[in-house]
>>> print(open('data-v6.cif').read())   # mmCIF, C-alpha atoms; chains and numbers go by the auth columns
data_final
loop_
_atom_site.group_PDB
_atom_site.id
_atom_site.type_symbol
_atom_site.label_atom_id
_atom_site.label_comp_id
_atom_site.label_asym_id
_atom_site.label_seq_id
_atom_site.Cartn_x
_atom_site.Cartn_y
_atom_site.Cartn_z
_atom_site.B_iso_or_equiv
_atom_site.auth_seq_id
_atom_site.auth_asym_id
ATOM 1 C CA MET A 1 0.000 0.000 0.000 0.00 30 F
ATOM 2 C CA ILE A 2 2.818 2.391 0.928 0.00 31 F
ATOM 3 C CA THR A 3 4.589 1.617 -2.359 0.00 32 F
ATOM 4 C CA TRP A 4 1.530 2.509 -4.425 0.00 33 F
ATOM 5 C CA LEU A 5 1.009 5.706 -2.429 0.00 34 F
ATOM 6 C CA ARG A 6 4.619 6.664 -3.121 0.00 35 F
ATOM 7 C CA ILE A 7 4.172 5.951 -6.839 0.00 36 F
ATOM 8 C CA ALA A 8 0.925 7.955 -6.984 0.00 37 F
ATOM 9 C CA LEU A 9 2.494 10.918 -5.194 0.00 38 F
ATOM 10 C CA GLY A 10 5.508 10.829 -7.498 0.00 39 F
ATOM 11 C CA VAL A 11 3.333 10.762 -10.617 0.00 40 F
ATOM 12 C CA ILE A 12 1.294 13.718 -9.344 0.00 41 F
ATOM 13 C CA VAL A 13 4.450 15.739 -8.585 0.00 42 F
ATOM 14 C CA LEU A 14 5.974 14.995 -11.990 0.00 43 F
ATOM 15 C CA LEU A 15 2.728 15.804 -13.793 0.00 44 F
ATOM 16 C CA ALA A 16 2.429 19.106 -11.921 0.00 45 F
ATOM 17 C CA VAL A 17 6.019 20.100 -12.780 0.00 46 F
ATOM 18 C CA THR A 18 5.472 19.103 -16.409 0.00 47 F
ATOM 19 C CA LEU A 19 2.343 21.230 -16.730 0.00 48 F
ATOM 20 C CA LEU A 20 4.149 24.151 -15.101 0.00 49 F
ATOM 21 C CA LEU A 21 7.167 24.024 -17.402 0.00 50 F
ATOM 22 C CA LEU A 22 5.372 23.036 -20.609 0.00 51 F
ATOM 23 C CA PRO A 23 4.241 26.538 -21.747 0.00 52 F
ATOM 24 C CA LEU A 24 7.725 27.978 -21.170 0.00 53 F
ATOM 25 C CA GLN A 25 9.396 25.128 -23.043 0.00 54 F
ATOM 26 C CA LEU A 26 7.000 25.459 -25.984 0.00 55 F
ATOM 27 C CA LEU A 27 7.769 29.172 -26.213 0.00 56 F
ATOM 28 C CA GLY A 28 11.485 28.444 -25.930 0.00 57 F
ATOM 29 C CA LEU A 29 11.286 25.988 -28.806 0.00 58 F
ATOM 30 C CA ARG A 30 9.141 28.332 -30.894 0.00 59 F
ATOM 31 C CA PHE A 31 11.511 31.297 -30.562 0.00 60 F
ATOM 32 C CA ASN A 32 14.731 29.332 -29.970 0.00 61 F
ATOM 33 C CA TRP A 33 15.295 30.884 -26.547 0.00 62 F
ATOM 34 C CA LYS A 34 18.180 29.602 -24.423 0.00 63 F
ATOM 35 C CA ILE A 35 15.687 28.598 -21.736 0.00 64 F
ATOM 36 C CA ARG A 36 14.715 25.592 -23.876 0.00 65 F
ATOM 37 C CA ARG A 37 18.106 24.075 -23.045 0.00 66 F
ATOM 38 C CA VAL A 38 17.864 24.758 -19.295 0.00 67 F
ATOM 39 C CA LEU A 39 14.323 23.686 -18.440 0.00 68 F
ATOM 40 C CA PRO A 40 14.803 20.022 -19.422 0.00 69 F
ATOM 41 C CA ARG A 41 17.621 19.678 -16.885 0.00 70 F
ATOM 42 C CA PHE A 42 15.298 20.800 -14.078 0.00 71 F
ATOM 43 C CA TRP A 43 12.587 18.417 -15.294 0.00 72 F
ATOM 44 C CA HIS A 44 15.024 15.495 -15.476 0.00 73 F
ATOM 45 C CA ARG A 45 16.199 16.171 -11.921 0.00 74 F
ATOM 46 C CA VAL A 46 12.619 16.025 -10.681 0.00 75 F
ATOM 47 C CA ALA A 47 12.006 12.834 -12.675 0.00 76 F
ATOM 48 C CA CYS A 48 15.110 11.198 -11.183 0.00 77 F
ATOM 49 C CA ARG A 49 13.937 12.119 -7.699 0.00 78 F
ATOM 50 C CA VAL A 50 10.458 10.740 -8.368 0.00 79 F
ATOM 51 C CA LEU A 51 11.836 7.460 -9.732 0.00 80 F
ATOM 52 C CA GLY A 52 14.334 7.114 -6.897 0.00 81 F
ATOM 53 C CA ILE A 53 17.359 7.464 -9.176 0.00 82 F
ATOM 54 C CA ARG A 54 20.357 8.817 -7.258 0.00 83 F
ATOM 55 C CA VAL A 55 23.047 10.195 -9.543 0.00 84 F
ATOM 56 C CA ARG A 56 26.716 10.501 -8.556 0.00 85 F
ATOM 57 C CA VAL A 57 28.978 12.417 -10.929 0.00 86 F
ATOM 58 C CA HIS A 58 32.702 11.755 -11.299 0.00 87 F
ATOM 59 C CA GLY A 59 34.924 14.008 -13.369 0.00 88 F
ATOM 60 C CA THR A 60 33.753 17.170 -15.065 0.00 89 F
ATOM 61 C CA LEU A 61 31.890 18.086 -18.197 0.00 90 F
ATOM 62 C CA GLU A 62 34.230 19.425 -20.877 0.00 91 F
ATOM 63 C CA THR A 63 33.967 23.206 -21.217 0.00 92 F
ATOM 64 C CA LYS A 64 35.218 23.493 -24.799 0.00 93 F
ATOM 65 C CA ARG A 65 32.805 23.575 -27.722 0.00 94 F
ATOM 66 C CA PRO A 66 31.665 22.082 -30.076 0.00 95 F
ATOM 67 C CA LEU A 67 31.105 19.103 -27.759 0.00 96 F
ATOM 68 C CA LEU A 68 29.768 15.651 -28.538 0.00 97 F
ATOM 69 C CA LEU A 69 29.187 13.284 -25.611 0.00 98 F
ATOM 70 C CA ALA A 70 29.597 9.597 -26.439 0.00 99 F
ATOM 71 C CA ALA A 71 27.997 7.377 -23.775 0.00 100 F
ATOM 72 C CA ASN A 72 27.139 3.731 -23.261 0.00 101 F
ATOM 73 C CA HIS A 73 23.437 2.978 -23.380 0.00 102 F
ATOM 74 C CA ALA A 74 21.598 0.552 -21.071 0.00 103 F
ATOM 75 C CA SER A 75 18.168 2.088 -20.582 0.00 104 F
ATOM 76 C CA TRP A 76 15.766 4.951 -21.264 0.00 105 F
ATOM 77 C CA LYS A 77 16.839 6.099 -17.784 0.00 106 F
ATOM 78 C CA ASP A 78 20.168 7.164 -19.323 0.00 107 F
ATOM 79 C CA ILE A 79 18.214 10.078 -20.829 0.00 108 F
ATOM 80 C CA LEU A 80 17.043 11.210 -17.401 0.00 109 F
ATOM 81 C CA VAL A 81 20.439 10.689 -15.805 0.00 110 F
ATOM 82 C CA LEU A 82 22.510 12.662 -18.329 0.00 111 F
ATOM 83 C CA GLY A 83 19.756 15.229 -18.722 0.00 112 F
ATOM 84 C CA SER A 84 19.857 15.894 -14.976 0.00 113 F
ATOM 85 C CA VAL A 85 23.548 16.836 -14.945 0.00 114 F
ATOM 86 C CA ALA A 86 23.967 18.795 -18.198 0.00 115 F
ATOM 87 C CA ASP A 87 21.997 20.836 -20.744 0.00 116 F
ATOM 88 C CA VAL A 88 22.059 18.325 -23.578 0.00 117 F
ATOM 89 C CA VAL A 89 20.157 17.232 -26.664 0.00 118 F
ATOM 90 C CA TYR A 90 19.986 13.652 -27.863 0.00 119 F
ATOM 91 C CA ILE A 91 20.273 11.771 -31.116 0.00 120 F
ATOM 92 C CA ALA A 92 17.505 9.152 -31.343 0.00 121 F
ATOM 93 C CA LYS A 93 16.008 6.769 -33.866 0.00 122 F
ATOM 94 C CA SER A 94 13.082 8.253 -35.767 0.00 123 F
ATOM 95 C CA ASP A 95 10.605 5.703 -34.394 0.00 124 F
ATOM 96 C CA VAL A 96 11.083 7.172 -30.905 0.00 125 F
ATOM 97 C CA ARG A 97 9.104 10.182 -32.148 0.00 126 F
ATOM 98 C CA ALA A 98 5.929 8.054 -32.192 0.00 127 F
ATOM 99 C CA TRP A 99 6.378 6.484 -28.763 0.00 128 F
ATOM 100 C CA PRO A 100 3.646 7.344 -26.227 0.00 129 F
ATOM 101 C CA VAL A 101 4.813 9.876 -23.620 0.00 130 F
ATOM 102 C CA PHE A 102 8.525 9.388 -24.361 0.00 131 F
ATOM 103 C CA GLY A 103 8.107 10.589 -27.939 0.00 132 F
ATOM 104 C CA ILE A 104 6.434 13.783 -26.750 0.00 133 F
ATOM 105 C CA LEU A 105 9.151 14.367 -24.165 0.00 134 F
ATOM 106 C CA ALA A 106 11.829 13.781 -26.806 0.00 135 F
ATOM 107 C CA ARG A 107 10.301 16.384 -29.106 0.00 136 F
ATOM 108 C CA LEU A 108 10.025 18.863 -26.228 0.00 137 F
ATOM 109 C CA GLN A 109 13.762 18.487 -25.655 0.00 138 F
ATOM 110 C CA ALA A 110 14.511 19.198 -29.330 0.00 139 F
ATOM 111 C CA THR A 111 15.860 15.691 -29.883 0.00 140 F
ATOM 112 C CA ILE A 112 17.553 15.083 -33.226 0.00 141 F
ATOM 113 C CA PHE A 113 15.730 12.205 -34.910 0.00 142 F
ATOM 114 C CA VAL A 114 17.583 10.125 -37.480 0.00 143 F
ATOM 115 C CA GLU A 115 16.313 7.551 -39.961 0.00 144 F
ATOM 116 C CA ARG A 116 19.148 5.077 -40.288 0.00 145 F
ATOM 117 C CA GLU A 117 17.357 2.926 -42.864 0.00 146 F
ATOM 118 C CA GLN A 118 16.885 5.784 -45.339 0.00 147 F
ATOM 119 C CA ARG A 119 20.404 6.464 -46.552 0.00 148 F
ATOM 120 C CA GLN A 120 19.242 9.238 -48.878 0.00 149 F
ATOM 121 C CA LYS A 121 18.504 11.321 -45.786 0.00 150 F
ATOM 122 C CA THR A 122 21.847 10.664 -44.118 0.00 151 F
ATOM 123 C CA GLY A 123 23.421 13.860 -45.448 0.00 152 F
ATOM 124 C CA GLU A 124 20.767 16.242 -44.164 0.00 153 F
ATOM 125 C CA GLN A 125 20.575 14.446 -40.818 0.00 154 F
ATOM 126 C CA VAL A 126 24.335 14.674 -40.329 0.00 155 F
ATOM 127 C CA ASN A 127 24.197 18.348 -41.309 0.00 156 F
ATOM 128 C CA GLU A 128 21.533 19.015 -38.665 0.00 157 F
ATOM 129 C CA ILE A 129 23.727 17.434 -36.003 0.00 158 F
ATOM 130 C CA ALA A 130 26.694 19.481 -37.200 0.00 159 F
ATOM 131 C CA GLU A 131 24.643 22.689 -37.076 0.00 160 F
ATOM 132 C CA ARG A 132 23.485 21.967 -33.537 0.00 161 F
ATOM 133 C CA LEU A 133 27.048 21.239 -32.446 0.00 162 F
ATOM 134 C CA THR A 134 28.482 24.392 -33.958 0.00 163 F
ATOM 135 C CA ALA A 135 25.629 26.399 -32.397 0.00 164 F
ATOM 136 C CA GLY A 136 27.032 25.459 -29.007 0.00 165 F
ATOM 137 C CA GLU A 137 24.601 22.695 -28.074 0.00 166 F
ATOM 138 C CA ILE A 138 25.943 19.613 -26.297 0.00 167 F
ATOM 139 C CA VAL A 139 24.848 16.638 -28.362 0.00 168 F
ATOM 140 C CA VAL A 140 24.669 13.143 -26.851 0.00 169 F
ATOM 141 C CA LEU A 141 25.436 10.132 -29.027 0.00 170 F
ATOM 142 C CA PHE A 142 24.925 6.516 -27.950 0.00 171 F
ATOM 143 C CA PRO A 143 27.422 4.911 -30.346 0.00 172 F
ATOM 144 C CA GLU A 144 26.427 1.309 -29.565 0.00 173 F
ATOM 145 C CA GLY A 145 23.267 2.002 -31.564 0.00 174 F
ATOM 146 C CA THR A 146 21.079 0.042 -29.137 0.00 175 F
ATOM 147 C CA THR A 147 20.687 -0.744 -25.429 0.00 176 F
ATOM 148 C CA SER A 148 22.799 -3.305 -23.588 0.00 177 F
ATOM 149 C CA ASP A 149 22.078 -5.328 -20.449 0.00 178 F
ATOM 150 C CA GLY A 150 24.015 -2.786 -18.373 0.00 179 F
ATOM 151 C CA ASN A 151 26.843 -5.233 -17.620 0.00 180 F
ATOM 152 C CA ARG A 152 29.022 -4.449 -20.614 0.00 181 F
ATOM 153 C CA LEU A 153 29.684 -2.126 -23.516 0.00 182 F
ATOM 154 C CA LEU A 154 28.550 -3.373 -26.903 0.00 183 F
ATOM 155 C CA GLU A 155 30.544 -2.764 -30.053 0.00 184 F
ATOM 156 C CA VAL A 156 30.803 0.934 -30.877 0.00 185 F
ATOM 157 C CA LYS A 157 29.788 1.810 -34.443 0.00 186 F
ATOM 158 C CA SER A 158 32.366 4.171 -35.947 0.00 187 F
ATOM 159 C CA SER A 159 29.904 5.311 -38.642 0.00 188 F
ATOM 160 C CA LEU A 160 27.898 7.164 -35.991 0.00 189 F
ATOM 161 C CA PHE A 161 30.819 9.569 -35.504 0.00 190 F
ATOM 162 C CA GLY A 162 30.220 10.971 -38.980 0.00 191 F
ATOM 163 C CA ALA A 163 28.414 13.880 -37.337 0.00 192 F
ATOM 164 C CA ALA A 164 31.644 14.956 -35.653 0.00 193 F
ATOM 165 C CA ALA A 165 33.491 14.811 -38.959 0.00 194 F
ATOM 166 C CA SER A 166 30.845 16.917 -40.696 0.00 195 F
ATOM 167 C CA ALA A 167 30.995 19.571 -37.975 0.00 196 F
ATOM 168 C CA VAL A 168 34.776 19.988 -38.128 0.00 197 F
ATOM 169 C CA PRO A 169 34.790 22.424 -41.114 0.00 198 F
ATOM 170 C CA HIS A 170 32.322 24.676 -39.279 0.00 199 F
ATOM 171 C CA ALA A 171 34.071 24.580 -35.894 0.00 200 F
ATOM 172 C CA PRO A 172 35.930 27.820 -34.979 0.00 201 F
ATOM 173 C CA ASP A 173 39.238 26.004 -34.439 0.00 202 F
ATOM 174 C CA GLY A 174 38.573 23.155 -36.827 0.00 203 F
ATOM 175 C CA ILE A 175 38.114 20.762 -33.882 0.00 204 F
ATOM 176 C CA VAL A 176 35.100 18.922 -32.505 0.00 205 F
ATOM 177 C CA HIS A 177 35.609 17.665 -28.964 0.00 206 F
ATOM 178 C CA ILE A 178 34.281 14.196 -28.136 0.00 207 F
ATOM 179 C CA GLN A 179 33.992 13.327 -24.450 0.00 208 F
ATOM 180 C CA PRO A 180 33.545 9.672 -23.461 0.00 209 F
ATOM 181 C CA VAL A 181 30.916 9.149 -20.752 0.00 210 F
ATOM 182 C CA SER A 182 30.210 6.047 -18.696 0.00 211 F
ATOM 183 C CA ILE A 183 26.785 5.448 -17.120 0.00 212 F
ATOM 184 C CA ALA A 184 26.895 2.618 -14.577 0.00 213 F
ATOM 185 C CA TYR A 185 23.951 1.354 -12.526 0.00 214 F
ATOM 186 C CA THR A 186 25.725 0.291 -9.352 0.00 215 F
ATOM 187 C CA GLY A 187 23.339 0.164 -6.391 0.00 216 F
ATOM 188 C CA LEU A 188 19.863 -0.820 -5.267 0.00 217 F
ATOM 189 C CA HIS A 189 18.573 0.427 -1.916 0.00 218 F
ATOM 190 C CA GLY A 190 22.123 1.309 -0.904 0.00 219 F
ATOM 191 C CA MET A 191 23.487 -2.180 -1.634 0.00 220 F
ATOM 192 C CA ALA A 192 25.854 -3.038 -4.460 0.00 221 F
ATOM 193 C CA MET A 193 23.961 -4.072 -7.592 0.00 222 F
ATOM 194 C CA GLY A 194 25.403 -7.219 -9.145 0.00 223 F
ATOM 195 C CA ARG A 195 24.808 -8.769 -12.551 0.00 224 F
ATOM 196 C CA TYR A 196 21.668 -10.496 -11.283 0.00 225 F
ATOM 197 C CA HIS A 197 19.872 -7.284 -10.293 0.00 226 F
ATOM 198 C CA ARG A 198 21.160 -5.009 -13.060 0.00 227 F
ATOM 199 C CA PRO A 199 18.313 -5.929 -15.458 0.00 228 F
ATOM 200 C CA ILE A 200 16.089 -3.975 -13.047 0.00 229 F
ATOM 201 C CA ALA A 201 17.897 -0.869 -14.244 0.00 230 F
ATOM 202 C CA ALA A 202 18.776 -1.881 -17.801 0.00 231 F
ATOM 203 C CA TRP A 203 16.210 -2.047 -20.591 0.00 232 F
ATOM 204 C CA PRO A 204 17.169 -4.390 -23.432 0.00 233 F
ATOM 205 C CA GLY A 205 14.873 -3.898 -26.392 0.00 234 F
ATOM 206 C CA ASP A 206 12.937 -7.163 -25.987 0.00 235 F
ATOM 207 C CA ILE A 207 11.339 -6.099 -22.675 0.00 236 F
ATOM 208 C CA GLU A 208 7.973 -4.318 -22.712 0.00 237 F
ATOM 209 C CA LEU A 209 8.265 -0.698 -21.589 0.00 238 F
ATOM 210 C CA LEU A 210 5.260 -0.439 -19.247 0.00 239 F
ATOM 211 C CA PRO A 211 6.081 -3.480 -17.057 0.00 240 F
ATOM 212 C CA HIS A 212 9.696 -2.338 -16.917 0.00 241 F
ATOM 213 C CA LEU A 213 8.644 1.183 -15.878 0.00 242 F
ATOM 214 C CA MET A 214 6.392 -0.196 -13.151 0.00 243 F
ATOM 215 C CA GLY A 215 9.240 -2.363 -11.908 0.00 244 F
ATOM 216 C CA ILE A 216 11.457 0.711 -11.599 0.00 245 F
ATOM 217 C CA LEU A 217 8.750 2.629 -9.751 0.00 246 F
ATOM 218 C CA ARG A 218 8.249 -0.224 -7.299 0.00 247 F
ATOM 219 C CA ALA A 219 11.973 -0.806 -6.766 0.00 248 F
ATOM 220 C CA GLY A 220 13.096 2.804 -6.264 0.00 249 F
ATOM 221 C CA ALA A 221 16.471 3.849 -4.791 0.00 250 F
ATOM 222 C CA VAL A 222 18.692 3.023 -7.783 0.00 251 F
ATOM 223 C CA ASP A 223 22.241 4.387 -7.645 0.00 252 F
ATOM 224 C CA VAL A 224 23.885 5.557 -10.877 0.00 253 F
ATOM 225 C CA ASP A 225 27.503 6.610 -11.362 0.00 254 F
ATOM 226 C CA VAL A 226 28.295 8.932 -14.259 0.00 255 F
ATOM 227 C CA ASP A 227 31.955 9.264 -15.243 0.00 256 F
ATOM 228 C CA PHE A 228 33.138 12.016 -17.582 0.00 257 F
ATOM 229 C CA GLY A 229 36.351 10.921 -19.277 0.00 258 F
ATOM 230 C CA GLU A 230 39.211 12.648 -21.049 0.00 259 F
ATOM 231 C CA ARG A 231 38.117 14.251 -24.303 0.00 260 F
ATOM 232 C CA VAL A 232 39.223 13.162 -27.749 0.00 261 F
ATOM 233 C CA ASP A 233 39.752 15.885 -30.347 0.00 262 F
ATOM 234 C CA TYR A 234 38.384 15.226 -33.822 0.00 263 F
ATOM 235 C CA GLN A 235 40.198 17.234 -36.523 0.00 264 F
ATOM 236 C CA ARG A 236 40.373 17.256 -40.313 0.00 265 F
ATOM 237 C CA THR A 237 43.277 14.809 -40.209 0.00 266 F
ATOM 238 C CA SER A 238 41.626 12.451 -37.731 0.00 267 F
ATOM 239 C CA ASN A 239 40.776 8.894 -38.684 0.00 268 F
ATOM 240 C CA ARG A 240 37.187 8.124 -37.748 0.00 269 F
ATOM 241 C CA LYS A 241 37.845 4.478 -36.884 0.00 270 F
ATOM 242 C CA GLU A 242 40.832 5.359 -34.715 0.00 271 F
ATOM 243 C CA VAL A 243 38.819 8.007 -32.859 0.00 272 F
ATOM 244 C CA SER A 244 36.008 5.483 -32.418 0.00 273 F
ATOM 245 C CA ARG A 245 38.389 2.889 -30.965 0.00 274 F
ATOM 246 C CA THR A 246 39.877 5.431 -28.553 0.00 275 F
ATOM 247 C CA VAL A 247 36.457 6.559 -27.354 0.00 276 F
ATOM 248 C CA GLU A 248 35.297 2.947 -27.028 0.00 277 F
ATOM 249 C CA ALA A 249 38.355 1.987 -24.976 0.00 278 F
ATOM 250 C CA ARG A 250 37.845 4.883 -22.563 0.00 279 F
ATOM 251 C CA ILE A 251 34.139 4.184 -22.058 0.00 280 F
ATOM 252 C CA ARG A 252 34.848 0.482 -21.565 0.00 281 F
ATOM 253 C CA ALA A 253 37.568 1.177 -19.006 0.00 282 F
ATOM 254 C CA MET A 254 35.426 3.600 -16.969 0.00 283 F
ATOM 255 C CA LEU A 255 32.346 1.373 -17.094 0.00 284 F
ATOM 256 C CA GLY A 256 34.269 -1.762 -16.159 0.00 285 F
ATOM 257 C CA ALA A 257 36.004 -0.092 -13.242 0.00 286 F
ATOM 258 C CA ARG A 258 32.758 1.361 -11.909 0.00 287 F
ATOM 259 C CA LEU A 259 30.862 -1.929 -12.181 0.00 288 F
ATOM 260 C CA ARG A 260 33.686 -3.678 -10.320 0.00 289 F
ATOM 261 C CA GLY A 261 33.355 -1.114 -7.536 0.00 290 F
ATOM 262 C CA ARG A 262 36.662 0.641 -8.141 0.00 291 F
#
>>> encode(input="data-v6.cif", output="structure tokens")
Amino acid sequence: MITWLRIALGVIVLLAVTLLLLPLQLLGLRFNWKIRRVLPRFWHRVACRVLGIRVRVHGTLETKRPLLLAANHASWKDILVLGSVADVVYIAKSDVRAWPVFGILARLQATIFVEREQRQKTGEQVNEIAERLTAGEIVVLFPEGTTSDGNRLLEVKSSLFGAAASAVPHAPDGIVHIQPVSIAYTGLHGMAMGRYHRPIAAWPGDIELLPHLMGILRAGAVDVDVDFGERVDYQRTSNRKEVSRTVEARIRAMLGARLRGR
């Protein structure tokens, strides 16, 4: 009974905050005000609190721009976690746009939607990402291309770094900065979260969203460690595959160390 009361109260709080911020965010999107980048961070912090997600940050967000964050991807909660610590925009598959609730939230955050199957649109999609980067926005890329089980980093797809390459000619110094980021789900109710319990936090694609969301609401008190790594500079002379391997190695090292409790 107490659990359901907690869930109901959390939903009411989040709904109230959403309705309060919605008009301001719509105006910010309509007139491209800077507030559209700030409001989502406040909303994500409230959402993390409601869901019982406790975020611990290690390292610092890179201050140089243009900045592309490359992070491992285990769950939709990664969006809330990163969004609660930085003013970011995301790159997402086009079908996310049609998702109930999450699709609306993605559009309100000015998410960049890409259609990977339609190669004829690749150029314009990459150009949009480049424009957002050079405009000073922090763009988040999940280079695995899908969600993992939270216990490991999947293979990083070097092709997804094409956006960084396309932004280089427009960057003031001819450099796009890529910062590796590790998101590790490490605790449940203050206890270390092992491989057995990590599926509570992770969301592989074959699990239905609603039951998974209810499981998170019932569980509560999930600890997440976010590590910001050393940046990698992408220049005209950079090799995309080499940059991809470097970024992958740094994410893998941070994630592995954090999951092992180091």
>>> resolve_selection(input="data-v6.cif", expression="the PyMOL selection byres ((chain F and resi 189) around 9)", output="list in words")
Leu170, Phe171, Pro172, Glu173, Gly174, Val185, Lys186, Ser187, Ser188, Phe190, Gly191, Ala192 and Ala193 of chain F
>>> resolve_selection(input="data-v6.cif", expression="the PyMOL selection byres ((chain F and resi 65) around 12)", output="PyMOL selection string")
chain F and resi 50-64+66-72+116-118+136-140+166
>>> residues_near_point(input="data-v6.cif", point="(21.7, 5.9, -21.6)", cutoff="10 Å", atoms="all atoms listed in the file", output="PyMOL selection string")
chain F and resi 99-112+169-171+175-177+179+210-213+231-232
>>> write_last_selection(input="data-v6.cif", atoms="C-alpha atoms", output="PDB file, keeping the file's coordinate frame")
ATOM      1  CA  ALA F  99      29.597   9.597 -26.439  1.00  0.00           C
ATOM      2  CA  ALA F 100      27.997   7.377 -23.775  1.00  0.00           C
ATOM      3  CA  ASN F 101      27.139   3.731 -23.261  1.00  0.00           C
ATOM      4  CA  HIS F 102      23.437   2.978 -23.380  1.00  0.00           C
ATOM      5  CA  ALA F 103      21.598   0.552 -21.071  1.00  0.00           C
ATOM      6  CA  SER F 104      18.168   2.088 -20.582  1.00  0.00           C
ATOM      7  CA  TRP F 105      15.766   4.951 -21.264  1.00  0.00           C
ATOM      8  CA  LYS F 106      16.839   6.099 -17.784  1.00  0.00           C
ATOM      9  CA  ASP F 107      20.168   7.164 -19.323  1.00  0.00           C
ATOM     10  CA  ILE F 108      18.214  10.078 -20.829  1.00  0.00           C
ATOM     11  CA  LEU F 109      17.043  11.210 -17.401  1.00  0.00           C
ATOM     12  CA  VAL F 110      20.439  10.689 -15.805  1.00  0.00           C
ATOM     13  CA  LEU F 111      22.510  12.662 -18.329  1.00  0.00           C
ATOM     14  CA  GLY F 112      19.756  15.229 -18.722  1.00  0.00           C
ATOM     15  CA  VAL F 169      24.669  13.143 -26.851  1.00  0.00           C
ATOM     16  CA  LEU F 170      25.436  10.132 -29.027  1.00  0.00           C
ATOM     17  CA  PHE F 171      24.925   6.516 -27.950  1.00  0.00           C
ATOM     18  CA  THR F 175      21.079   0.042 -29.137  1.00  0.00           C
ATOM     19  CA  THR F 176      20.687  -0.744 -25.429  1.00  0.00           C
ATOM     20  CA  SER F 177      22.799  -3.305 -23.588  1.00  0.00           C
ATOM     21  CA  GLY F 179      24.015  -2.786 -18.373  1.00  0.00           C
ATOM     22  CA  VAL F 210      30.916   9.149 -20.752  1.00  0.00           C
ATOM     23  CA  SER F 211      30.210   6.047 -18.696  1.00  0.00           C
ATOM     24  CA  ILE F 212      26.785   5.448 -17.120  1.00  0.00           C
ATOM     25  CA  ALA F 213      26.895   2.618 -14.577  1.00  0.00           C
ATOM     26  CA  ALA F 231      18.776  -1.881 -17.801  1.00  0.00           C
ATOM     27  CA  TRP F 232      16.210  -2.047 -20.591  1.00  0.00           C
TER      28      TRP F 232
END
>>> residues_near_point(input="data-v6.cif", point="(35.9, 5.7, -24.5)", cutoff="10 Å", atoms="only C-alpha atoms", output="list of chain:residue names")
F:Ala99, F:Ala100, F:Asn101, F:Val185, F:Ile207, F:Gln208, F:Pro209, F:Val210, F:Ser211, F:Phe257, F:Gly258, F:Glu259, F:Arg260, F:Val261, F:Val272, F:Ser273, F:Arg274, F:Thr275, F:Val276, F:Glu277, F:Ala278, F:Arg279, F:Ile280, F:Arg281, F:Ala282, F:Met283, F:Leu284
>>> residues_around(input="data-v6.cif", residues="Leu217 (chain F)", least_positions_apart="4", cutoff="10 Å", atoms="all atoms listed in the file", output="PyMOL selection string")
chain F and resi 81-83+221-223+226-227+229-230+248-253
>>> closest_residue(input="data-v6.cif", among="F:Ala194, F:Val114, F:Met220, F:Ala76", to="Tyr263 (chain F)", atoms="all atoms listed in the file")
F:Ala194
>>> residues_around(input="data-v6.cif", residues="Leu44 (chain F)", least_positions_apart="3", cutoff="12 Å", atoms="only C-alpha atoms", output="list in words")
Ala37, Leu38, Gly39, Val40, Ile41, Thr47, Leu48, Leu49, Leu50, Leu51, Trp72, Val75, Ala76, Val79 and Val130 of chain F
>>> closest_residue(input="data-v6.cif", among="F:Val205, F:Glu184, F:Arg287, F:His218", to="Gln264 (chain F)", atoms="only C-alpha atoms")
F:Val205
>>> residues_around(input="data-v6.cif", residues="Ser195 (chain F)", least_positions_apart="4", cutoff="12 Å", atoms="only C-alpha atoms", output="JSON, numbers by chain")
{"F": [95, 151, 152, 153, 154, 155, 156, 157, 158, 159, 160, 161, 162, 163, 188, 189, 190, 191, 199, 200, 203, 204, 205, 263, 264, 265, 269]}
>>> atom_distance(input="data-v6.cif", atom1="CA of Val46 (chain F)", atom2="CA of Leu134 (chain F)")
13.1 Å
>>> atom_distance(input="data-v6.cif", atom1="CA of Ser113 (chain F)", atom2="CA of Ile141 (chain F)")
18.4 Å
>>> atom_distance(input="data-v6.cif", atom1="CA of Leu90 (chain F)", atom2="CA of Asp262 (chain F)")
14.6 Å
>>> residues_around(input="data-v6.cif", residues="His87 (chain F)", least_positions_apart="4", cutoff="8 Å", atoms="only C-alpha atoms", output="PyMOL selection string")
chain F and resi 254-257
>>> closest_residue(input="data-v6.cif", among="F:Ala286, F:Gly216, F:Ala196, F:Thr92", to="Arg181 (chain F)", atoms="all atoms listed in the file")
F:Ala286
>>> closest_residue(input="data-v6.cif", among="F:Glu144, F:His73, F:Arg224, F:Phe131", to="Ala115 (chain F)", atoms="all atoms listed in the file")
F:His73
>>> closest_residue(input="data-v6.cif", among="F:Pro201, F:Gly132, F:Gly165, F:Gly290", to="Leu96 (chain F)", atoms="only C-alpha atoms")
F:Gly165
>>> closest_residue(input="data-v6.cif", among="F:Ile120, F:Asn180, F:Arg126, F:Pro198", to="Arg289 (chain F)", atoms="all atoms listed in the file")
F:Asn180
